[in-house]
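Source file coords32.csv; content: CSV, C-alpha atoms and all ligand atoms.
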chain,number,residue,atom,x,y,z
D,1,MET,CA,131.1,122.2,101.3
D,2,ARG,CA,127.6,123.4,100.7
D,3,THR,CA,124.4,123.3,102.7
D,4,PRO,CA,121.5,123.2,100.3
D,5,VAL,CA,119.2,126.1,100.5
D,6,PHE,CA,115.9,126.9,98.7
D,7,HIS,CA,116.0,129.3,95.7
D,8,PRO,CA,112.9,130.8,94.2
D,9,LEU,CA,112.6,129.5,90.6
D,10,ARG,CA,110.1,130.6,88.0
D,11,VAL,CA,107.8,128.0,86.6
D,12,ILE,CA,108.0,128.2,82.8
D,13,GLU,CA,105.7,125.4,81.8
D,14,VAL,CA,103.0,123.2,83.4
D,15,THR,CA,102.0,120.5,81.0
D,16,PRO,CA,99.1,118.1,81.8
D,17,LEU,CA,100.3,114.5,81.3
D,18,THR,CA,97.2,112.5,82.4
D,19,ASP,CA,94.0,113.5,84.2
D,20,ASP,CA,95.9,113.5,87.5
D,21,SER,CA,99.5,114.4,86.7
D,22,VAL,CA,101.5,117.3,85.3
D,23,ALA,CA,105.1,118.0,84.2
D,24,VAL,CA,106.5,121.2,85.7
D,25,THR,CA,109.5,122.9,84.1
D,26,PHE,CA,111.5,125.5,86.0
D,27,ASP,CA,113.7,128.3,84.7
D,28,VAL,CA,117.2,128.1,86.1
D,29,PRO,CA,118.9,131.5,85.8
D,30,ASP,CA,122.5,131.6,84.7
D,31,GLN,CA,123.8,132.4,88.1
D,32,LEU,CA,122.2,129.2,89.6
D,33,ARG,CA,123.2,126.9,86.7
D,34,ARG,CA,126.1,125.3,88.5
D,35,GLU,CA,124.1,124.8,91.7
D,36,PHE,CA,121.2,123.2,89.8
D,37,ALA,CA,123.4,120.9,87.6
D,38,TYR,CA,122.2,117.4,88.2
D,39,GLN,CA,122.8,113.8,87.4
D,40,ALA,CA,120.1,111.7,85.9
D,41,GLY,CA,118.0,110.1,88.7
D,42,GLN,CA,118.4,112.9,91.2
D,43,HIS,CA,115.6,114.8,92.8
D,44,VAL,CA,114.8,118.2,94.2
D,45,THR,CA,112.9,119.4,97.2
D,46,VAL,CA,110.1,121.8,96.4
D,47,LYS,CA,108.5,124.1,99.0
D,48,ALA,CA,105.2,126.0,98.7
D,49,ASP,CA,102.7,127.7,100.8
D,50,VAL,CA,99.6,125.5,100.6
D,51,ASP,CA,96.6,126.8,102.4
D,52,GLY,CA,98.8,128.8,104.8
D,53,SER,CA,101.1,125.9,105.6
D,54,ASP,CA,104.8,125.5,104.5
D,55,VAL,CA,104.7,122.2,102.6
D,56,ARG,CA,107.8,120.7,101.2
D,57,ARG,CA,108.1,117.5,99.1
D,58,SER,CA,110.7,115.8,96.9
D,59,TYR,CA,110.3,115.3,93.2
D,60,SER,CA,112.6,113.4,90.9
D,61,ILE,CA,113.9,115.2,87.9
D,62,CYS,CA,112.4,113.7,84.8
D,63,ALA,CA,114.5,115.1,81.9
D,64,ASN,CA,117.6,114.2,79.9
D,65,ALA,CA,120.5,115.4,82.1
D,66,ASN,CA,122.5,116.1,79.0
D,67,ASP,CA,120.1,119.0,78.3
D,68,GLY,CA,120.1,120.2,81.9
D,69,LYS,CA,116.4,121.1,81.7
D,70,LEU,CA,114.9,121.1,85.2
D,71,ARG,CA,111.6,119.4,85.0
D,72,VAL,CA,109.6,117.3,87.4
D,73,GLY,CA,106.5,115.1,87.0
D,74,ILE,CA,103.9,115.3,89.8
D,75,LYS,CA,101.1,112.8,90.2
D,76,ARG,CA,98.1,113.8,92.4
D,77,LEU,CA,97.4,111.6,95.4
D,78,PRO,CA,93.9,111.5,96.8
D,79,GLY,CA,93.9,114.0,99.7
D,80,GLY,CA,97.6,114.9,99.0
D,81,ALA,CA,98.4,118.4,100.1
D,82,PHE,CA,101.2,119.3,97.7
D,83,SER,CA,100.3,117.1,94.7
D,84,THR,CA,96.7,118.4,94.7
D,85,TRP,CA,97.9,122.0,94.8
D,86,ALA,CA,100.5,121.4,92.1
D,87,THR,CA,98.2,119.6,89.7
D,88,SER,CA,95.3,122.1,90.1
D,89,HIS,CA,96.8,125.5,91.0
D,90,LEU,CA,100.3,125.7,89.8
D,91,VAL,CA,100.7,127.7,86.6
D,92,ALA,CA,103.5,129.1,84.4
D,93,GLY,CA,104.8,132.4,85.8
D,94,ALA,CA,104.6,131.3,89.5
D,95,ASP,CA,107.7,131.3,91.6
D,96,VAL,CA,108.4,128.2,93.7
D,97,GLU,CA,111.1,127.5,96.2
D,98,VAL,CA,113.4,124.7,95.0
D,99,MET,CA,116.4,123.1,96.6
D,100,PRO,CA,119.4,122.0,94.4
D,101,PRO,CA,119.3,118.4,93.2
D,102,VAL,CA,120.5,115.6,95.4
D,103,GLY,CA,120.2,111.8,95.5
D,104,GLU,CA,122.1,108.6,94.8
D,105,PHE,CA,119.7,106.9,92.4
D,106,THR,CA,122.2,107.6,89.6
D,107,VAL,CA,124.2,105.7,87.1
D,108,GLU,CA,127.6,105.9,85.6
D,109,ALA,CA,126.7,105.0,82.1
D,110,ARG,CA,128.5,101.9,80.8
D,111,PRO,CA,128.0,99.7,77.7
D,112,ILE,CA,125.8,97.2,79.5
D,113,HIS,CA,122.2,96.1,79.6
D,114,TYR,CA,120.3,98.0,82.3
D,115,GLY,CA,116.9,97.0,83.7
D,116,ALA,CA,114.2,99.1,85.4
D,117,VAL,CA,111.0,98.3,87.2
D,118,ALA,CA,108.8,101.3,87.8
D,119,ALA,CA,105.2,101.9,88.7
D,120,GLY,CA,103.1,105.1,88.4
D,121,SER,CA,105.1,108.2,89.2
D,122,GLY,CA,108.1,106.0,89.8
D,123,ILE,CA,108.8,106.4,86.1
D,124,THR,CA,110.2,109.9,86.6
D,125,PRO,CA,113.8,109.2,87.6
D,126,VAL,CA,113.8,106.2,85.3
D,127,LEU,CA,112.9,108.4,82.3
D,128,SER,CA,115.8,110.6,83.2
D,129,LEU,CA,118.2,107.7,83.6
D,130,VAL,CA,117.1,106.0,80.4
D,131,SER,CA,117.0,109.0,78.1
D,132,THR,CA,120.3,110.4,79.4
D,133,THR,CA,122.3,107.1,79.1
D,134,LEU,CA,120.8,106.0,75.8
D,135,GLU,CA,122.1,109.2,74.3
D,136,SER,CA,125.5,109.5,76.1
D,137,GLU,CA,126.5,105.8,76.0
D,138,PRO,CA,125.8,104.2,72.6
D,139,GLY,CA,126.8,100.8,73.9
D,140,CYS,CA,124.1,100.6,76.6
D,141,ARG,CA,120.6,99.2,76.4
D,142,TRP,CA,117.6,99.2,78.7
D,143,THR,CA,114.7,97.0,79.5
D,144,VAL,CA,112.0,99.0,81.3
D,145,ILE,CA,109.0,97.2,83.0
D,146,PHE,CA,106.4,99.9,83.8
D,147,GLY,CA,103.2,99.3,85.8
D,148,ASN,CA,100.1,101.5,85.8
D,149,ARG,CA,96.4,101.2,86.4
D,150,SER,CA,95.2,101.8,82.9
D,151,ALA,CA,96.6,103.1,79.6
D,152,ASP,CA,95.2,106.6,80.2
D,153,SER,CA,97.1,106.9,83.6
D,154,VAL,CA,100.5,106.3,82.1
D,155,MET,CA,102.8,109.3,82.7
D,156,PHE,CA,105.1,110.3,79.9
D,157,LEU,CA,103.7,107.7,77.5
D,158,ASP,CA,104.5,109.7,74.4
D,159,GLU,CA,108.0,110.4,75.5
D,160,LEU,CA,108.7,106.8,76.3
D,161,GLU,CA,107.3,105.7,73.0
D,162,GLY,CA,109.4,108.4,71.3
D,163,LEU,CA,112.5,107.0,72.9
D,164,LYS,CA,111.5,103.5,71.7
D,165,ASP,CA,111.2,104.8,68.2
D,166,ARG,CA,114.5,106.5,68.4
D,167,TYR,CA,116.3,103.6,69.9
D,168,PRO,CA,114.4,100.5,68.7
D,169,GLU,CA,117.3,98.1,69.2
D,170,ARG,CA,118.3,99.5,72.6
D,171,LEU,CA,115.1,100.0,74.5
D,172,GLN,CA,112.6,97.3,75.4
D,173,LEU,CA,109.5,98.8,77.0
D,174,ILE,CA,107.1,96.5,78.7
D,175,HIS,CA,103.8,98.0,79.9
D,176,ILE,CA,101.8,96.2,82.6
D,177,LEU,CA,98.3,97.4,83.3
D,178,SER,CA,96.6,96.4,86.5
D,179,ARG,CA,93.0,97.3,85.5
D,180,GLU,CA,93.0,96.5,81.9
D,181,GLN,CA,93.5,93.4,79.9
D,182,GLY,CA,96.6,93.4,77.8
D,183,ILE,CA,97.2,91.2,74.7
D,184,THR,CA,98.0,88.3,77.1
D,185,PRO,CA,97.4,88.0,80.9
D,186,LEU,CA,101.2,88.3,81.2
D,187,PHE,CA,100.8,92.1,80.6
D,188,SER,CA,97.9,92.6,83.0
D,189,GLY,CA,97.8,92.7,86.8
D,190,ARG,CA,100.2,94.1,89.4
D,191,ILE,CA,103.9,93.8,89.3
D,192,ASP,CA,104.6,91.4,92.1
D,193,ARG,CA,107.4,88.9,92.4
D,194,GLU,CA,105.6,86.2,90.4
D,195,LYS,CA,104.9,88.6,87.6
D,196,LEU,CA,108.4,89.8,87.4
D,197,ALA,CA,109.7,86.2,87.4
D,198,GLU,CA,107.4,85.4,84.5
D,199,LEU,CA,108.5,88.5,82.6
D,200,LEU,CA,112.1,87.8,83.2
D,201,ASP,CA,111.7,84.2,81.9
D,202,ARG,CA,109.4,84.8,79.0
D,203,VAL,CA,110.0,88.3,77.7
D,204,VAL,CA,113.3,89.6,78.9
D,205,ALA,CA,115.2,86.4,78.5
D,206,PRO,CA,117.8,85.3,77.4
D,207,ALA,CA,119.9,88.4,77.9
D,208,ALA,CA,119.0,89.5,81.4
D,209,PRO,CA,120.0,93.1,82.5
D,210,GLU,CA,123.1,93.3,84.6
D,211,GLU,CA,122.2,96.3,86.7
D,212,TRP,CA,118.7,97.3,87.9
D,213,PHE,CA,116.8,100.4,89.0
D,214,LEU,CA,113.6,100.0,91.0
D,215,CYS,CA,111.1,102.8,91.7
D,216,GLY,CA,107.6,102.4,92.9
D,217,PRO,CA,105.5,101.3,95.9
D,218,PHE,CA,107.4,99.7,98.8
D,219,GLU,CA,106.0,96.2,98.2
D,220,MET,CA,106.8,96.2,94.5
D,221,VAL,CA,110.4,97.4,95.1
D,222,MET,CA,111.0,94.8,97.8
D,223,ALA,CA,109.4,92.0,95.7
D,224,ALA,CA,111.5,92.9,92.7
D,225,ARG,CA,114.7,93.1,94.8
D,226,ALA,CA,114.0,89.7,96.3
D,227,GLU,CA,113.4,88.1,92.9
D,228,LEU,CA,116.6,89.6,91.4
D,229,GLU,CA,118.7,88.7,94.3
D,230,GLU,CA,117.5,85.1,94.2
D,231,ARG,CA,118.5,85.0,90.6
D,232,GLY,CA,122.0,85.7,91.7
D,233,LEU,CA,122.3,89.5,91.2
D,234,SER,CA,124.5,91.1,93.9
D,235,PRO,CA,122.6,93.7,96.0
D,236,GLU,CA,124.8,96.6,95.0
D,237,LEU,CA,123.7,96.1,91.4
D,238,ILE,CA,120.1,96.7,92.4
D,239,ARG,CA,119.3,100.3,93.2
D,240,ASP,CA,116.1,101.5,94.6
D,241,GLU,CA,114.3,104.8,95.1
D,242,LEU,CA,111.3,104.9,97.4
D,243,PHE,CA,108.8,107.8,97.2
D,244,PHE,CA,106.8,106.8,100.3
D,245,ALA,CA,107.5,104.3,103.1
D,246,GLY,CA,104.7,105.2,105.6
D,247,PRO,CA,102.7,108.1,106.8
D,248,LEU,CA,104.6,111.3,107.8
D,249,ASP,CA,105.0,111.9,111.5
D,250,LEU,CA,103.3,115.2,111.8
D,251,SER,CA,103.5,115.3,115.6
D,252,THR,CA,104.9,118.5,117.0
D,253,LEU,CA,108.6,118.8,117.8
D,254,PRO,CA,109.5,117.2,121.1
D,255,PRO,CA,110.4,119.6,124.0
D,256,GLU,CA,113.9,119.8,125.3
D,257,PRO,CA,114.1,117.4,128.4
D,258,GLU,CA,114.0,118.9,131.8
D,259,GLY,CA,117.3,118.2,133.6
D,260,GLU,CA,120.2,116.2,132.3
D,261,GLU,CA,119.4,112.8,133.6
D,262,GLY,CA,119.0,110.3,130.8
D,263,SER,CA,119.4,113.0,128.2
D,264,VAL,CA,121.9,113.4,125.4
D,265,LEU,CA,124.0,116.4,124.6
D,266,LEU,CA,123.5,117.1,120.9
D,267,THR,CA,125.7,119.5,119.0
D,268,LEU,CA,125.0,120.2,115.3
D,269,THR,CA,126.9,122.3,112.8
D,270,LEU,CA,125.1,124.0,109.9
D,271,ASP,CA,126.5,126.7,107.7
D,272,GLY,CA,129.6,126.8,109.9
D,273,ARG,CA,127.7,127.6,113.0
D,274,SER,CA,127.4,125.1,115.9
D,275,THR,CA,124.4,124.9,118.3
D,276,THR,CA,124.1,122.6,121.3
D,277,THR,CA,120.9,121.3,122.8
D,278,ARG,CA,119.7,118.4,125.0
D,279,MET,CA,117.5,115.7,123.7
D,280,ARG,CA,116.0,112.4,124.7
D,281,PRO,CA,117.5,109.4,122.9
D,282,GLU,CA,114.1,108.2,121.7
D,283,VAL,CA,113.6,111.4,119.7
D,284,ALA,CA,115.1,111.6,116.2
D,285,ILE,CA,118.1,113.8,115.9
D,286,LEU,CA,116.5,115.9,113.2
D,287,ASP,CA,113.4,116.7,115.4
D,288,ALA,CA,115.6,117.7,118.3
D,289,ALA,CA,117.8,119.7,116.0
D,290,LEU,CA,114.9,121.5,114.3
D,291,ARG,CA,113.8,122.8,117.7
D,292,VAL,CA,116.9,125.0,117.9
D,293,ARG,CA,117.8,125.4,114.2
D,294,GLY,CA,114.5,125.7,112.3
D,295,GLU,CA,116.4,126.3,109.0
D,296,LEU,CA,117.7,122.7,108.8
D,297,PRO,CA,117.1,121.0,105.5
D,298,TYR,CA,114.6,118.1,105.5
D,299,SER,CA,111.7,116.9,103.3
D,300,CYS,CA,110.2,113.4,103.5
D,301,LYS,CA,111.1,112.6,107.2
D,302,GLY,CA,110.8,109.0,106.1
D,303,GLY,CA,114.4,108.0,105.4
D,304,MET,CA,114.0,108.3,101.6
D,305,CYS,CA,115.0,111.7,100.3
D,306,ALA,CA,118.4,112.3,102.0
D,307,SER,CA,117.7,116.0,102.5
D,308,CYS,CA,118.6,115.8,106.2
D,309,LYS,CA,121.9,113.9,105.7
D,310,ALA,CA,124.7,114.7,108.1
D,311,ARG,CA,127.9,113.3,109.2
D,312,VAL,CA,128.4,111.9,112.7
D,313,VAL,CA,131.6,113.5,114.0
D,314,GLU,CA,131.5,112.3,117.6
D,315,GLY,CA,129.5,109.7,119.4
D,316,GLU,CA,127.3,106.9,118.0
D,317,VAL,CA,123.8,106.8,116.6
D,318,LYS,CA,121.4,104.2,115.4
D,319,MET,CA,119.7,104.7,112.1
D,320,GLU,CA,116.2,103.1,112.0
D,321,LYS,CA,115.6,103.2,108.2
D,322,ASN,CA,117.7,104.1,105.3
D,323,TRP,CA,116.3,104.1,101.8
D,324,ALA,CA,118.6,106.8,100.5
D,325,LEU,CA,122.3,106.5,101.5
D,326,VAL,CA,124.6,104.1,99.7
D,327,GLU,CA,127.0,101.8,101.6
D,328,ASN,CA,130.1,104.0,101.3
D,329,GLU,CA,128.3,107.0,102.6
D,330,VAL,CA,127.2,105.0,105.7
D,331,ALA,CA,130.7,103.7,106.0
D,332,ALA,CA,132.0,107.3,105.9
D,333,GLY,CA,129.7,108.2,108.9
D,334,TYR,CA,126.8,109.8,107.1
D,335,VAL,CA,123.3,109.3,108.5
D,336,LEU,CA,119.8,110.4,107.8
D,337,THR,CA,119.1,112.5,110.8
D,338,CYS,CA,115.3,112.0,110.6
D,339,GLN,CA,116.0,108.3,111.3
D,340,SER,CA,118.8,108.5,113.7
D,341,HIS,CA,118.8,108.2,117.5
D,342,PRO,CA,121.8,108.7,119.8
D,343,LEU,CA,123.4,105.7,121.5
D,344,THR,CA,126.0,107.7,123.4
D,345,ASP,CA,125.7,110.6,126.0
D,346,ALA,CA,127.0,113.1,123.5
D,347,VAL,CA,126.6,113.3,119.8
D,348,VAL,CA,128.0,115.8,117.3
D,349,VAL,CA,126.7,115.9,113.8
D,350,ASP,CA,127.8,118.1,110.9
D,351,TYR,CA,125.3,119.1,108.2
D,352,ASP,CA,128.0,120.9,106.2
D,353,VAL,CA,130.2,118.1,105.1
F,1,LIG,C1,113.1,111.0,96.6
F,1,LIG,C2,111.7,111.2,96.3
F,1,LIG,C3,111.3,111.4,95.0
F,1,LIG,C4,109.9,111.6,94.7
F,1,LIG,N1,109.6,111.9,93.4
F,1,LIG,C5,108.3,112.0,93.0
F,1,LIG,C6,108.0,112.2,91.6
F,1,LIG,O1,108.8,112.3,90.8
F,1,LIG,N2,106.6,112.4,91.3
F,1,LIG,C7,105.7,112.3,92.3
F,1,LIG,O2,104.5,112.4,92.0
F,1,LIG,N3,106.0,112.0,93.6
F,1,LIG,C8,107.3,111.9,94.0
F,1,LIG,N4,107.6,111.7,95.3
F,1,LIG,C9,106.5,111.7,96.3
F,1,LIG,C10,106.3,113.2,96.7
F,1,LIG,O3,107.4,113.7,97.4
F,1,LIG,C11,105.1,113.3,97.7
F,1,LIG,O4,105.2,112.3,98.7
F,1,LIG,C12,103.8,113.0,96.9
F,1,LIG,O5,103.6,114.0,95.9
F,1,LIG,C13,102.6,113.2,97.9
F,1,LIG,O6,102.6,114.5,98.5
F,1,LIG,P1,101.3,115.2,99.0
F,1,LIG,O7,101.6,116.4,99.8
F,1,LIG,O8,100.4,115.4,97.8
F,1,LIG,O9,100.6,114.1,99.9
F,1,LIG,P2,100.5,114.1,101.5
F,1,LIG,O10,99.6,115.2,101.9
F,1,LIG,O11,101.9,114.1,102.0
F,1,LIG,O12,99.8,112.7,101.7
F,1,LIG,C14,98.5,112.4,101.4
F,1,LIG,C15,98.2,110.9,101.7
F,1,LIG,O13,98.9,110.0,100.9
F,1,LIG,C16,99.9,109.3,101.7
F,1,LIG,N5,101.1,109.3,100.8
F,1,LIG,C17,102.0,110.3,100.8
F,1,LIG,N6,102.9,110.1,99.8
F,1,LIG,C18,102.5,108.9,99.2
F,1,LIG,C19,103.0,108.2,98.1
F,1,LIG,N7,104.1,108.6,97.4
F,1,LIG,N8,102.4,107.0,97.8
F,1,LIG,C20,101.3,106.6,98.5
F,1,LIG,N9,100.8,107.3,99.5
F,1,LIG,C21,101.4,108.4,99.8
F,1,LIG,C22,100.0,110.0,103.0
F,1,LIG,O14,100.3,109.1,104.1
F,1,LIG,C23,98.6,110.6,103.2
F,1,LIG,O15,97.7,109.6,103.6
F,1,LIG,C24,108.9,111.5,95.7
F,1,LIG,C25,109.3,111.3,97.0
F,1,LIG,C26,110.7,111.1,97.3
F,1,LIG,C27,111.0,110.8,98.8

Could you take the file, read its structure, and then write that structure out as C-alpha cells?
Amino acid sequence: MRTPVFHPLRVIEVTPLTDDSVAVTFDVPDQLRREFAYQAGQHVTVKADVDGSDVRRSYSICANANDGKLRVGIKRLPGGAFSTWATSHLVAGADVEVMPPVGEFTVEARPIHYGAVAAGSGITPVLSLVSTTLESEPGCRWTVIFGNRSADSVMFLDELEGLKDRYPERLQLIHILSREQGITPLFSGRIDREKLAELLDRVVAPAAPEEWFLCGPFEMVMAARAELEERGLSPELIRDELFFAGPLDLSTLPPEPEGEEGSVLLTLTLDGRSTTTRMRPEVAILDAALRVRGELPYSCKGGMCASCKARVVEGEVKMEKNWALVENEVAAGYVLTCQSHPLTDAVVVDYDV
C-alpha cells in the first residue's frame, strides 16, 4: 500500500535532442531507488513552479529499464506551459519534484515479434520498451513504425539507429516523414489507417507482429487500432498510451452543494485518513475530492495518466473515459477519479489500495 508522493530529484543532465526537445536525466538517491524502480513503458509525473503556478505533467521514461536510469524526453508544444519551461529554462543542478513511476503501458518480454507505432514524442515509452526487451529477451524482435514531421525533428534518432546497428536482425525501424519526401511515397505522409495497411502489406509482411504498442496523437492511435483489429488481432494484444485527449479543464473546483437534495455523500481515503464531503453527481469525483484534500495525486485530468486512480469500495460510479486502466484493474473496482461520476447516493473511494 503506497500513495505516490512527490520527491525532489536533482537534474543531472539536460541534453538537446532536436530544436524543440530535450532529454532530462534525474539523479535518484540510494534511499529512493526502490521507490523509483520502474518497468519499461511507465511514466512519472513532474511538478514545477512555472511563472508562479504549480504545473504538473506526465512524462514517459525513455531509458533502458535494465539500467534503471531515470530519463524523460520532453518535446515543446507551441504555447505549452511545462514543455516550454523545460526545454528553455531547465538546467543540470536544478531540483524538480517527481512522483514515482506508474503506468500499464508495459510488457512482459517474451520471445515473440512485437510491433510499435509511434509519432513525435510518442517514441519515448517505445524506446524504453524496445531497448529493454531487446536486451533482456534474446528471442524477441521489434518492428517500429515512427512518424515525424521531418528528419531534423526526430527525437532519439541516434539512439534508435544505434539499437538498429546493435540488433540488425531483431529491429526493423521504419521512419515516416510527413513534410519530407522519402525514397518512395510509402515513407512520406501521415500515419493514418491507409498508410499503416500499406506498410503492413508491403514492408512488414509476411511476419506480422503478434503484439502491438501504440503511442501518438489520438487519431493515429485509433486508426492503427482499428486496422490491427480488422486484421484479426485481439484487442488485448494492442496496447495504447495517449499523451493528450483534449484540452485540460482548468475551471475552478466546484463548490460543495448547498443542502443534501440531489447531492451525493463522497468519502475518500488517502494515506489512511478518511474525509467526507458532499458533491453533485455531474462533478468528477477527483474535483470534489480535491476541494477537501488538496494533496490528492493527479496530473493530466484527461483519463490518460492514471495518477488519480482509486478503488471504489462502496457505491457505484460511471467512468467517462479510460485510456489508462487495463481490464483487470477495472474489473477489480479501480477507476480514474478525474473521469468518474457517482451513480449512487453514497460513494466511498480508496486512494491507498
Ligand atoms: C502518460 C503520459 C505520458 C506522457 N509522456 C510524454 C513524453 O514522454 N514526452 C512529452 O513531450 N510529452 C509527454 N506527455 C505529454 C505531457 O504530459 C504534456 O501534456 C505536454 O508536455 C504538454 O504540456 P505543456 O504544459 O507544455 O502544454 P499545456 O500548457 O498543457 O498545453 C498547451 C496547448 O497544447 C495542447 N496540448 C497539451 N498537451 C498536448 C499534447 N500532448 N499534444 C497536443 N496538444 C497538446 C493544450 O490543449 C493547449 O492548447 C505525456 C502525457 C501523458 C498523459

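Between ligand LIG 1 (chain F) and the candidates D:Tyr114, D:Tyr38, D:Phe26, D:Tyr59, the tightest atom-to-atom separation, counting all atoms listed in the file, involves D:Tyr59.
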
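Separating atom CA of D:Arg311 from atom CA of D:Ser340 is a distance of 11.2 Å.
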
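Checking D:Gly272, D:Pro138, D:Gly294, D:Pro16 one by one against D:Arg76, counting all atoms listed in the file, you find the shortest gap at D:Pro16.
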
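Minimum distance to D:Ser274 across D:Cys140, D:Val348, D:Ala224, D:Pro255 (counting all atoms listed in the file) occurs at D:Val348.
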
Within 10 Å of D:Val349, counting all atoms listed in the file, which residues show up once you throw out same-chain ones fewer than 3 positions away? Write them as number ranges by chain, please. D: 266-270, 274, 285, 289, 309-317, 333-335, 337, 352-353

Per residue of chain D within 8 Å of ligand LIG 1 (chain F), what are the shortest atom pair and its distance in Å to one decimal, counting all atoms listed in the file, with rows by chain and residue number, as a tab-separated table?
residue	atom	partner	partner_atom	distance
D:Ser21	CA	F:LIG1	O2	7.6
D:Gln42	CA	F:LIG1	C1	7.8
D:His43	CA	F:LIG1	C3	5.9
D:Val44	CA	F:LIG1	C3	7.7
D:Thr45	CA	F:LIG1	O3	7.9
D:Val55	CA	F:LIG1	O7	7.1
D:Arg56	CA	F:LIG1	O7	7.7
D:Arg57	CA	F:LIG1	O3	4.2
D:Ser58	CA	F:LIG1	O3	3.9
D:Tyr59	CA	F:LIG1	N1	3.5
D:Ser60	CA	F:LIG1	O1	4.0
D:Ile61	CA	F:LIG1	O1	6.5
D:Cys62	CA	F:LIG1	O1	7.1
D:Val72	CA	F:LIG1	O1	6.1
D:Gly73	CA	F:LIG1	N2	5.1
D:Ile74	CA	F:LIG1	O2	3.7
D:Lys75	CA	F:LIG1	O2	3.9
D:Arg76	CA	F:LIG1	O8	6.1
D:Leu77	CA	F:LIG1	O8	5.4
D:Pro78	CA	F:LIG1	C15	6.5
D:Gly79	CA	F:LIG1	C14	5.2
D:Gly80	CA	F:LIG1	O8	3.1
D:Ala81	CA	F:LIG1	O7	3.8
D:Phe82	CA	F:LIG1	O7	3.6
D:Ser83	CA	F:LIG1	O8	3.5
D:Thr84	CA	F:LIG1	O8	5.7
D:Trp85	CA	F:LIG1	O8	7.7
D:Gly103	CA	F:LIG1	C1	7.2
D:Ser121	CA	F:LIG1	N2	4.9
D:Gly122	CA	F:LIG1	O1	6.4
D:Ile123	CA	F:LIG1	O1	7.5
D:Thr124	CA	F:LIG1	O1	5.0
D:Pro125	CA	F:LIG1	O1	6.7
D:Pro217	CA	F:LIG1	N8	6.8
D:Glu241	CA	F:LIG1	C1	6.5
D:Leu242	CA	F:LIG1	C27	6.1
D:Phe243	CA	F:LIG1	C25	3.5
D:Phe244	CA	F:LIG1	N7	4.4
D:Ala245	CA	F:LIG1	C19	7.8
D:Gly246	CA	F:LIG1	O14	6.1
D:Pro247	CA	F:LIG1	O14	3.7
D:Leu248	CA	F:LIG1	O14	6.1
D:Ser299	CA	F:LIG1	C27	7.6
D:Cys300	CA	F:LIG1	C27	5.4
D:Gly302	CA	F:LIG1	C27	7.5
D:Gly303	CA	F:LIG1	C27	7.9
D:Met304	CA	F:LIG1	C27	4.8
D:Cys305	CA	F:LIG1	C1	4.2
D:Ala306	CA	F:LIG1	C1	7.7
D:Ala324	CA	F:LIG1	C1	7.9

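Here atom CA of D:Ala346 stands at a distance of 25.8 Å from atom CA of D:Trp323.
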
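Here atom CA of D:Asp152 is placed at a distance of 6.6 Å from atom CA of D:Thr18.
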
Take the point (117.1, 120.5, 107.4) as written in the file and pick out every residue within 7 Å of it, counting all atoms listed in the file; give the list as a short mmCIF file (atom, residue, chain, number, x, y, z; two decimals) with C-alpha atoms, keeping the file's coordinate frame.
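Saved to point_2.cif:
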data_model
loop_
_atom_site.label_atom_id
_atom_site.label_comp_id
_atom_site.auth_asym_id
_atom_site.auth_seq_id
_atom_site.Cartn_x
_atom_site.Cartn_y
_atom_site.Cartn_z
CA GLU D 295 116.40 126.30 109.00
CA LEU D 296 117.70 122.70 108.80
CA PRO D 297 117.10 121.00 105.50
CA TYR D 298 114.60 118.10 105.50
CA SER D 307 117.70 116.00 102.50
CA CYS D 308 118.60 115.80 106.20
#

Quick one: residues within 10 Å of D:Tyr167, all atoms listed in the file counted, chain neighbours fewer than 6 positions away excluded, as a ChimeraX atom specification? /D:131,134-135,138,141-142,161
